[in-house]
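Undergrad: Dropping in query-v2.cif, which is mmCIF, C-alpha atoms and all ligand atoms:
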data_my_file
loop_
_atom_site.label_atom_id
_atom_site.label_comp_id
_atom_site.auth_asym_id
_atom_site.auth_seq_id
_atom_site.Cartn_x
_atom_site.Cartn_y
_atom_site.Cartn_z
CA MET L 1 0.00 0.00 0.00
CA ASN L 2 1.37 3.42 -0.90
CA HIS L 3 0.79 5.50 2.22
CA GLY L 4 2.84 8.35 0.73
CA ALA L 5 -0.12 9.06 -1.55
CA SER L 6 -2.57 9.43 1.36
CA SER L 7 -3.78 12.88 2.27
CA TRP L 8 -1.95 12.60 5.62
CA GLY L 9 1.27 11.57 3.85
CA THR L 10 2.57 15.11 3.56
CA GLU L 11 1.78 16.09 7.17
CA VAL L 12 4.26 13.76 8.86
CA ASP L 13 7.96 13.19 8.37
CA ALA L 14 9.24 10.20 6.43
CA ALA L 15 10.14 8.08 9.47
CA LEU L 16 6.75 8.54 11.13
CA ARG L 17 4.99 8.01 7.80
CA ALA L 18 6.75 4.65 7.42
CA GLN L 19 5.90 3.68 11.01
CA LEU L 20 2.22 4.58 10.57
CA GLY L 21 2.08 2.87 7.19
CA SER L 22 3.41 -0.38 8.56
CA LEU L 23 1.02 -0.18 11.57
CA LEU L 24 -1.97 0.34 9.29
CA ASP L 25 -0.92 -2.51 7.00
CA GLU L 26 -0.70 -4.92 9.93
CA GLY L 27 -3.89 -3.49 11.46
CA TRP L 28 -5.83 -4.29 8.26
CA GLU L 29 -4.29 -7.78 8.07
CA ILE L 30 -5.39 -8.47 11.65
CA TRP L 31 -8.88 -7.13 10.87
CA ASP L 32 -9.20 -9.39 7.79
CA ARG L 33 -8.19 -12.44 9.87
CA PHE L 34 -10.53 -11.47 12.71
CA ASP L 35 -13.41 -10.96 10.31
CA CYS L 36 -12.83 -14.38 8.77
CA GLU L 37 -12.01 -16.41 11.87
CA VAL L 38 -14.24 -14.73 14.48
CA ARG L 39 -16.95 -12.49 13.02
CA GLN L 40 -18.06 -14.87 10.30
CA GLN L 41 -18.44 -17.68 12.88
CA ASN L 42 -20.05 -15.70 15.72
CA TRP L 43 -21.31 -12.17 15.99
CA HIS L 44 -18.80 -9.78 17.63
CA PRO L 45 -19.16 -6.02 18.27
CA PHE L 46 -15.70 -5.23 16.86
CA VAL L 47 -15.88 -3.54 13.47
CA ALA L 48 -12.81 -1.57 12.39
CA ALA L 49 -13.07 2.16 11.69
CA ASP L 50 -11.57 3.75 8.59
CA TYR L 51 -8.15 4.17 10.22
CA GLU L 52 -6.88 6.78 7.78
CA ARG L 53 -9.89 9.00 8.44
CA VAL L 54 -9.30 8.79 12.19
CA LEU L 55 -5.61 9.47 11.64
CA GLU L 56 -6.46 12.69 9.79
CA ALA L 57 -8.67 13.81 12.70
CA LEU L 58 -5.89 13.07 15.20
CA LEU L 59 -3.29 14.91 13.12
CA ALA L 60 -5.41 18.06 13.29
CA LEU L 61 -5.54 17.84 17.11
CA ARG L 62 -1.88 17.07 17.77
CA ALA L 63 -0.38 19.14 20.59
CA PRO L 64 2.16 18.47 23.34
CA ARG L 65 1.18 16.71 26.58
CA LEU L 66 -2.34 15.66 25.58
CA ARG L 67 -3.76 12.47 27.05
CA PHE L 68 -5.82 10.29 24.69
CA LEU L 69 -8.28 7.50 25.49
CA GLU L 70 -9.95 5.07 23.09
CA TRP L 71 -13.24 3.53 24.27
CA GLY L 72 -13.44 -0.03 22.93
CA SER L 73 -9.90 -0.17 21.54
CA ALA L 74 -10.23 -3.65 19.95
CA THR L 75 -6.91 -4.48 18.20
CA GLY L 76 -5.38 -1.20 19.39
CA VAL L 77 -4.58 0.36 16.00
CA ILE L 78 -6.07 3.77 16.82
CA THR L 79 -4.55 3.99 20.31
CA ILE L 80 -1.15 3.03 18.89
CA MET L 81 -1.52 5.61 16.11
CA ALA L 82 -2.24 8.25 18.78
CA ASP L 83 0.85 7.17 20.73
CA LEU L 84 3.05 7.36 17.62
CA LEU L 85 1.69 10.88 16.98
CA GLY L 86 2.86 11.97 20.44
CA PHE L 87 -0.29 11.68 22.55
CA GLU L 88 -0.06 9.87 25.89
CA ALA L 89 -2.35 7.11 24.68
CA TYR L 90 -4.55 4.57 26.45
CA GLY L 91 -7.14 2.07 25.27
CA ILE L 92 -9.87 0.21 27.12
CA GLU L 93 -11.36 -2.97 25.65
CA LEU L 94 -13.84 -5.47 27.09
CA ASP L 95 -12.58 -8.51 25.15
CA PRO L 96 -9.32 -9.67 26.82
CA ALA L 97 -8.19 -11.56 23.69
CA LEU L 98 -8.31 -8.27 21.76
CA VAL L 99 -6.34 -6.56 24.54
CA ASP L 100 -3.59 -9.19 24.10
CA THR L 101 -3.63 -8.56 20.34
CA ALA L 102 -3.32 -4.80 20.94
CA ARG L 103 -0.39 -5.21 23.34
CA GLY L 104 1.45 -7.43 20.84
CA LEU L 105 0.80 -4.95 18.03
CA ALA L 106 2.10 -2.07 20.18
CA GLU L 107 5.27 -3.98 20.99
CA ARG L 108 5.96 -4.85 17.35
CA HIS L 109 5.53 -1.21 16.31
CA GLY L 110 7.66 0.35 19.04
CA SER L 111 4.70 1.96 20.75
CA GLY L 112 4.26 2.68 24.45
CA ALA L 113 0.45 2.73 24.16
CA ARG L 114 -1.19 1.27 27.26
CA PHE L 115 -4.19 -1.03 27.27
CA ALA L 116 -6.54 -2.18 30.02
CA ALA L 117 -9.06 -4.99 29.85
CA GLY L 118 -12.49 -4.09 31.19
CA SER L 119 -15.27 -1.63 30.61
CA PHE L 120 -15.01 2.04 29.65
CA LEU L 121 -18.12 2.67 31.76
CA PRO L 122 -17.10 4.15 35.13
CA ALA L 123 -18.20 2.04 38.12
CA GLY L 124 -21.75 2.92 39.15
CA TYR L 125 -22.64 4.64 35.85
CA GLU L 126 -26.23 4.13 34.76
CA TRP L 127 -27.61 5.31 31.45
CA ARG L 128 -30.81 7.24 32.16
CA PRO L 129 -31.96 8.99 28.97
CA SER L 130 -34.72 11.59 29.27
CA ASN L 131 -36.93 9.64 26.83
CA GLY L 132 -36.78 6.55 29.05
CA ASP L 133 -35.20 4.36 26.34
CA ASP L 134 -32.20 3.03 28.22
CA ARG L 135 -30.96 0.51 25.64
CA ARG L 136 -27.18 0.60 25.30
CA GLY L 137 -26.77 -0.99 21.88
CA THR L 138 -23.77 -3.30 21.78
CA ILE L 139 -21.97 -1.71 24.72
CA GLY L 140 -21.21 -4.63 27.04
CA ASP L 141 -20.79 -4.98 30.79
CA GLY L 142 -17.65 -5.66 32.77
CA THR L 143 -15.51 -4.35 35.58
CA SER L 144 -14.61 -0.73 35.03
CA ALA L 145 -11.07 -0.44 33.63
CA TYR L 146 -10.20 3.06 34.91
CA PRO L 147 -8.54 1.91 38.17
CA GLY L 148 -6.31 -0.38 36.06
CA LEU L 149 -5.37 2.53 33.79
CA GLY L 150 -4.45 4.70 36.74
CA HIS L 151 -6.56 7.59 35.40
CA PRO L 152 -10.24 8.46 35.80
CA LEU L 153 -12.11 9.65 32.72
CA GLU L 154 -11.72 13.28 33.74
CA ASP L 155 -7.92 13.04 33.21
CA PHE L 156 -8.23 12.69 29.43
CA ASP L 157 -8.02 15.55 26.93
CA LEU L 158 -9.26 13.52 23.96
CA VAL L 159 -11.62 10.56 24.05
CA TYR L 160 -12.40 8.57 20.92
CA GLY L 161 -15.26 6.13 20.35
CA TYR L 162 -16.90 4.35 17.41
CA PRO L 163 -20.54 4.00 18.48
CA TRP L 164 -22.88 1.56 16.84
CA SER L 165 -26.19 2.99 15.81
CA GLY L 166 -28.02 4.36 18.87
CA GLU L 167 -24.97 4.38 21.18
CA GLN L 168 -23.91 7.96 20.56
CA PRO L 169 -26.26 9.62 23.13
CA MET L 170 -24.81 7.40 25.84
CA MET L 171 -21.24 8.31 24.90
CA LEU L 172 -22.15 12.01 24.99
CA ASP L 173 -23.76 11.50 28.40
CA LEU L 174 -20.68 9.69 29.73
CA ILE L 175 -18.33 12.50 28.79
CA ARG L 176 -20.78 15.06 30.19
CA CYS L 177 -21.04 13.21 33.53
CA TYR L 178 -17.39 12.13 33.99
CA GLY L 179 -15.18 13.96 31.49
CA SER L 180 -13.26 17.19 31.96
CA ARG L 181 -15.10 20.27 30.66
CA GLU L 182 -12.25 20.89 28.24
CA ALA L 183 -12.17 17.34 26.89
CA ARG L 184 -12.89 16.66 23.23
CA LEU L 185 -15.00 13.65 22.34
CA LEU L 186 -14.29 12.25 18.87
CA LEU L 187 -17.09 10.05 17.53
CA ASN L 188 -16.52 8.07 14.38
CA GLY L 189 -19.51 7.39 12.15
CA SER L 190 -20.69 7.07 8.59
CA GLU L 191 -20.24 10.82 8.07
CA GLY L 192 -16.69 10.93 9.38
CA VAL L 193 -15.20 11.84 12.75
CA ARG L 194 -17.35 14.34 14.64
CA ILE L 195 -15.73 16.34 17.43
CA TYR L 196 -17.70 17.45 20.50
CA ARG L 197 -16.55 19.73 23.28
CA ASN L 198 -18.55 20.72 26.32
CA GLY L 199 -21.71 19.19 24.83
CA ARG L 200 -21.41 21.07 21.53
CA LEU L 201 -20.46 19.85 18.09
CA GLU L 202 -17.17 21.56 17.24
CA SER L 203 -16.57 20.06 13.77
C1 LIG L 301 -17.24 -0.74 16.86
S1 LIG L 301 -15.84 -1.49 17.69
C2 LIG L 301 -14.67 -0.16 17.53
C3 LIG L 301 -13.22 -0.60 17.44
C4 LIG L 301 -12.19 0.52 17.34
N1 LIG L 301 -12.36 1.47 18.43
C5 LIG L 301 -12.28 1.26 16.02
O1 LIG L 301 -12.76 2.41 16.01
O2 LIG L 301 -11.83 0.71 15.00
C6 LIG L 301 -16.34 -1.39 19.44
C7 LIG L 301 -15.44 -2.12 20.42
O3 LIG L 301 -15.88 -1.80 21.75
C8 LIG L 301 -15.78 -2.95 22.56
N2 LIG L 301 -16.70 -2.75 23.72
C9 LIG L 301 -18.05 -2.90 23.78
N3 LIG L 301 -18.51 -2.56 25.01
C10 LIG L 301 -17.44 -2.17 25.73
C11 LIG L 301 -17.26 -1.69 27.07
N4 LIG L 301 -18.30 -1.51 27.91
N5 LIG L 301 -16.02 -1.39 27.48
C12 LIG L 301 -14.95 -1.57 26.66
N6 LIG L 301 -15.04 -2.00 25.38
C13 LIG L 301 -16.27 -2.29 24.92
C14 LIG L 301 -16.12 -4.10 21.63
O4 LIG L 301 -15.61 -5.33 22.12
C15 LIG L 301 -15.45 -3.63 20.32
O5 LIG L 301 -14.14 -4.11 20.23
#
Let's see the structure in the file written out as structure tokens.
TA:
Amino acid sequence: MNHGASSWGTEVDAALRAQLGSLLDEGWEIWDRFDCEVRQQNWHPFVAADYERVLEALLALRAPRLRFLEWGSATGVITIMADLLGFEAYGIELDPALVDTARGLAERHGSGARFAAGSFLPAGYEWRPSNGDDRRGTIGDGTSAYPGLGHPLEDFDLVYGYPWSGEQPMMLDLIRCYGSREARLLLNGSEGVRIYRNGRLES
């Protein structure tokens, strides 16, 4: 794959471009295998985002000393990308097998990204929408992973999630209840990566 031709190719130096290119290549290989060996046998909530689109959103937000969190980090590609771009990057994933995959991927790509197995829902959180429809889509249950990360949700400057249909209001509620007022929430969807801050759509 020629990553030099990507729209992000000119925004990063050659060494970083090569590192990101090789991460994305392996990320897509892992996704293809997972899709074949896991998803086509049994349903699984992991579907990979368009990594290059997320990369472009992260490039625009790059700044020193920002802490990044991925909700539902799956194979870790996006958290590792954030780490390689200079964010202090963490991922939380409910499926422990995917957390192992993410740690292996980080090691092979020279990344210090940190992963915790468990839930991105803070302990005690309950989704209580005003319309009374408290379905949570495919968001699963498990022990909250924040104590294992060593940071509560309010410590993060950027939080990224890829909600399935109907899960977005809950993610917005979570950041409103537990996030810092300055935090940006990046939500991936069919229309691209939307960025929210303090309850408002920024871009
Ligand atoms: C749609 S996939 C997104 C994967 C990746 N973030 C991306 O954008 O390519 C959602 C992931 O969230 C995980 N997940 C679901 N509920 C979770 C929870 N409560 N805590 C942590 N991870 C969860 C699923 O196992 C799945 O890997």
Undergrad: Listing only residues of range 70-151 of chain L within 10 Å of range 6-24 of chain L, what is the closest atom pair and its distance in Å (to one decimal) for each, using only C-alpha atoms, sorted by chain and residue number ascending, as a Markdown table?
TA:
| residue | atom | partner | partner_atom | distance |
| --- | --- | --- | --- | --- |
| L:Val77 | CA | L:Leu23 | CA | 7.2 |
| L:Ile78 | CA | L:Leu24 | CA | 9.2 |
| L:Ile80 | CA | L:Leu23 | CA | 8.3 |
| L:Met81 | CA | L:Leu20 | CA | 6.8 |
| L:Leu84 | CA | L:Leu16 | CA | 7.6 |
| L:Leu85 | CA | L:Leu16 | CA | 8.1 |
| L:Leu105 | CA | L:Leu23 | CA | 8.0 |
| L:Ala106 | CA | L:Leu23 | CA | 8.9 |
| L:Arg108 | CA | L:Leu23 | CA | 8.9 |
| L:His109 | CA | L:Leu23 | CA | 6.6 |
| L:Gly110 | CA | L:Gln19 | CA | 8.9 |
| L:Ser111 | CA | L:Gln19 | CA | 10.0 |
Undergrad: I'd like to know which of L:Ala57, L:Pro45, L:Gly148, L:Thr75 is closest to Glu29 in chain L, using all atoms listed in the file.
TA: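 The shortest atom-to-atom distance to Glu29 in chain L comes from L:Thr75.
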Undergrad: Considering only C-alpha atoms, can you say which of L:Ser190, L:Thr79, L:Thr101, L:Ser130 comes closest to Leu158 in chain L?
TA: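 The shortest atom-to-atom distance to Leu158 in chain L comes from L:Thr79.
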Undergrad: In Å, how far is it from atom O4 of ligand LIG 301 (chain L) to CA of Ser73 in chain L?
TA: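 Computed distance, atom O4 of ligand LIG 301 (chain L) to CA of Ser73 in chain L, equals 7.7 Å.
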Undergrad: Using all atoms listed in the file, find each residue with an atom at most 8 Å away from ligand LIG 301 (chain L) and format the answer as a ChimeraX atom specification.
TA: /L:44-51,70-78,92-95,98,117-121,138-142,144-145,160-164,188
Undergrad: Env of Met171 in chain L: 9 Å cut, atoms = only C-alpha atoms, seq-sep filter 4 positions within chain, self excluded. Answer as a list in words.
TA: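 Skipping anything fewer than 4 positions along the chain leaves Gly161, Pro163, Glu167, Ile175, Arg176, Leu185 and Leu187 of chain L.
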Undergrad: How about saving the chosen residues, C-alpha atoms kept, as a PDB file, in the frame of the given file?
TA:
ATOM      1  CA  GLY L 161     -15.260   6.130  20.350  1.00  0.00           C
ATOM      2  CA  PRO L 163     -20.540   4.000  18.480  1.00  0.00           C
ATOM      3  CA  GLU L 167     -24.970   4.380  21.180  1.00  0.00           C
ATOM      4  CA  ILE L 175     -18.330  12.500  28.790  1.00  0.00           C
ATOM      5  CA  ARG L 176     -20.780  15.060  30.190  1.00  0.00           C
ATOM      6  CA  LEU L 185     -15.000  13.650  22.340  1.00  0.00           C
ATOM      7  CA  LEU L 187     -17.090  10.050  17.530  1.00  0.00           C
TER       8      LEU L 187
END
Undergrad: Around range 112-122 of chain L, with edges along x, y and z and 6 Å added on all six sides, what centre and edge lengths do you get, in Å to one decimal, as AutoDock Vina command-line options?
TA:
--center_x -6.9 --center_y -0.4 --center_z 29.6 --size_x 34.4 --size_y 21.1 --size_z 23.0
Undergrad: Of the candidates L:Pro64, L:Pro122, L:Gly104, L:Gly86, which one gets nearest to Leu149 in chain L if we count all atoms listed in the file?
TA: L:Pro122
Undergrad: For Arg197 in chain L, work out the shell of residues within 7 Å, counting only C-alpha atoms and skipping chain neighbours fewer than 5 positions away, then give it as a list in words.
TA: Glu182, Ala183, Arg184, Leu185 and Glu202 of chain L
Undergrad: Kindly indicate which residue among L:Tyr125, L:Glu88, L:Leu61, L:Ala116 lies nearest to Pro147 in chain L, using all atoms listed in the file for the distances.
TA: L:Ala116
Undergrad: Given only C-alpha atoms as the basis, pick out the residue of L:Glu26, L:Glu52, L:Asp32, L:Glu37 nearest to Val193 in chain L.
TA: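 Using only C-alpha atoms, the shortest distance to Val193 in chain L belongs to L:Glu52.
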Undergrad: Measure the distance from CA of Pro129 in chain L to CA of Gly199 in chain L in Å and round it to one decimal.
TA: 15.0 Å
Undergrad: Would you compute the distance between CA of Glu56 in chain L and CA of Arg194 in chain L? Give it in Å to one decimal.
TA: 12.0 Å
Undergrad: Excluding Leu69 in chain L and its own-chain neighbours fewer than 6 positions away, which residues fall within 7 Å of it when counting only C-alpha atoms? Please give them as a PyMOL selection string.
TA: chain L and resi 89-91+156+158-160
Undergrad: So which one's closest to Arg128 in chain L, L:Asp83, L:Asp25, L:Asp35, L:Asp173? Using all atoms listed in the file, please.
TA: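 Comparing L:Asp83, L:Asp25, L:Asp35, L:Asp173 against Arg128 in chain L, the winner is L:Asp173.
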Undergrad: Taking the point (-28.1, 2.1, 26.5) as given in the file, collect each protein or nucleic acid residue that comes within 7 Å of it, counting only C-alpha atoms, and present the set as a PDB file with C-alpha atoms, in the frame of the given file.
TA:
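Just written: result.pdb:
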ATOM      1  CA  TRP L 127     -27.610   5.310  31.450  1.00  0.00           C
ATOM      2  CA  ASP L 134     -32.200   3.030  28.220  1.00  0.00           C
ATOM      3  CA  ARG L 135     -30.960   0.510  25.640  1.00  0.00           C
ATOM      4  CA  ARG L 136     -27.180   0.600  25.300  1.00  0.00           C
ATOM      5  CA  GLY L 137     -26.770  -0.990  21.880  1.00  0.00           C
ATOM      6  CA  GLU L 167     -24.970   4.380  21.180  1.00  0.00           C
ATOM      7  CA  MET L 170     -24.810   7.400  25.840  1.00  0.00           C
TER       8      MET L 170
END
Undergrad: If we count all atoms listed in the file and set the cut-off at 7 Å, which residues sit around Glu154 in chain L, ignoring sequence neighbours fewer than 5 positions away in its own chain? Please answer as number ranges by chain.
TA: L: 178-180
Undergrad: Can you patch up range 124-154 of chain L, filling it in to N, CA and C atoms, and show the result as a compact mmCIF listing (two decimals), in the frame of the given file?
TA:
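Now in selection-v9.txt:
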# COMPACT_ATOMS: atom_id res chain seq x y z
N GLY L 124 -20.56 2.25 38.62
CA GLY L 124 -21.75 2.92 39.15
C GLY L 124 -22.51 3.71 38.10
N TYR L 125 -21.95 3.85 36.88
CA TYR L 125 -22.64 4.64 35.85
C TYR L 125 -23.91 3.92 35.40
N GLU L 126 -25.00 4.68 35.33
CA GLU L 126 -26.23 4.13 34.76
C GLU L 126 -26.74 5.08 33.70
N TRP L 127 -27.12 4.52 32.58
CA TRP L 127 -27.61 5.31 31.45
C TRP L 127 -29.09 5.57 31.66
N ARG L 128 -29.41 6.87 31.91
CA ARG L 128 -30.81 7.24 32.16
C ARG L 128 -31.23 8.34 31.19
N PRO L 129 -31.57 7.96 29.95
CA PRO L 129 -31.96 8.99 28.97
C PRO L 129 -33.29 9.62 29.32
N SER L 130 -33.48 10.88 28.91
CA SER L 130 -34.72 11.59 29.27
C SER L 130 -35.94 10.95 28.62
N ASN L 131 -35.75 10.25 27.47
CA ASN L 131 -36.93 9.64 26.83
C ASN L 131 -37.25 8.26 27.38
N GLY L 132 -36.49 7.82 28.39
CA GLY L 132 -36.78 6.55 29.05
C GLY L 132 -36.27 5.32 28.31
N ASP L 133 -35.72 5.51 27.10
CA ASP L 133 -35.20 4.36 26.34
C ASP L 133 -33.75 4.13 26.75
N ASP L 134 -33.54 3.17 27.67
CA ASP L 134 -32.20 3.03 28.22
C ASP L 134 -31.40 1.89 27.57
N ARG L 135 -31.77 1.53 26.32
CA ARG L 135 -30.96 0.51 25.64
C ARG L 135 -29.56 1.05 25.39
N ARG L 136 -28.57 0.15 25.45
CA ARG L 136 -27.18 0.60 25.30
C ARG L 136 -26.53 0.02 24.05
N GLY L 137 -27.33 -0.44 23.11
CA GLY L 137 -26.77 -0.99 21.88
C GLY L 137 -25.88 -2.18 22.18
N THR L 138 -24.68 -2.15 21.62
CA THR L 138 -23.77 -3.30 21.78
C THR L 138 -22.74 -3.06 22.88
N ILE L 139 -22.94 -2.00 23.66
CA ILE L 139 -21.97 -1.71 24.72
C ILE L 139 -22.17 -2.74 25.84
N GLY L 140 -21.10 -3.51 26.10
CA GLY L 140 -21.21 -4.63 27.04
C GLY L 140 -20.88 -4.23 28.46
N ASP L 141 -21.04 -5.20 29.36
CA ASP L 141 -20.79 -4.98 30.79
C ASP L 141 -19.50 -5.64 31.22
N GLY L 142 -18.88 -5.07 32.21
CA GLY L 142 -17.65 -5.66 32.77
C GLY L 142 -17.16 -4.75 33.86
N THR L 143 -16.09 -5.18 34.52
CA THR L 143 -15.51 -4.35 35.58
C THR L 143 -14.90 -3.11 34.95
N SER L 144 -15.14 -1.98 35.58
CA SER L 144 -14.61 -0.73 35.03
C SER L 144 -13.08 -0.77 34.98
N ALA L 145 -12.53 -0.31 33.84
CA ALA L 145 -11.07 -0.44 33.63
C ALA L 145 -10.28 0.78 34.12
N TYR L 146 -10.95 1.85 34.56
CA TYR L 146 -10.20 3.06 34.91
C TYR L 146 -9.19 2.86 36.05
N PRO L 147 -9.55 2.11 37.12
CA PRO L 147 -8.54 1.91 38.17
C PRO L 147 -7.28 1.24 37.61
N GLY L 148 -7.46 0.30 36.68
CA GLY L 148 -6.31 -0.38 36.06
C GLY L 148 -5.47 0.56 35.21
N LEU L 149 -6.11 1.57 34.62
CA LEU L 149 -5.37 2.53 33.79
C LEU L 149 -4.59 3.51 34.64
N GLY L 150 -5.09 3.72 35.87
CA GLY L 150 -4.45 4.70 36.74
C GLY L 150 -4.96 6.11 36.49
N HIS L 151 -5.99 6.26 35.67
CA HIS L 151 -6.56 7.59 35.40
C HIS L 151 -8.07 7.50 35.32
N PRO L 152 -8.79 8.39 36.01
CA PRO L 152 -10.24 8.46 35.80
C PRO L 152 -10.51 9.15 34.46
N LEU L 153 -11.75 9.06 34.02
CA LEU L 153 -12.11 9.65 32.72
C LEU L 153 -11.81 11.15 32.66
N GLU L 154 -11.92 11.82 33.78
CA GLU L 154 -11.72 13.28 33.74
C GLU L 154 -10.27 13.68 33.45
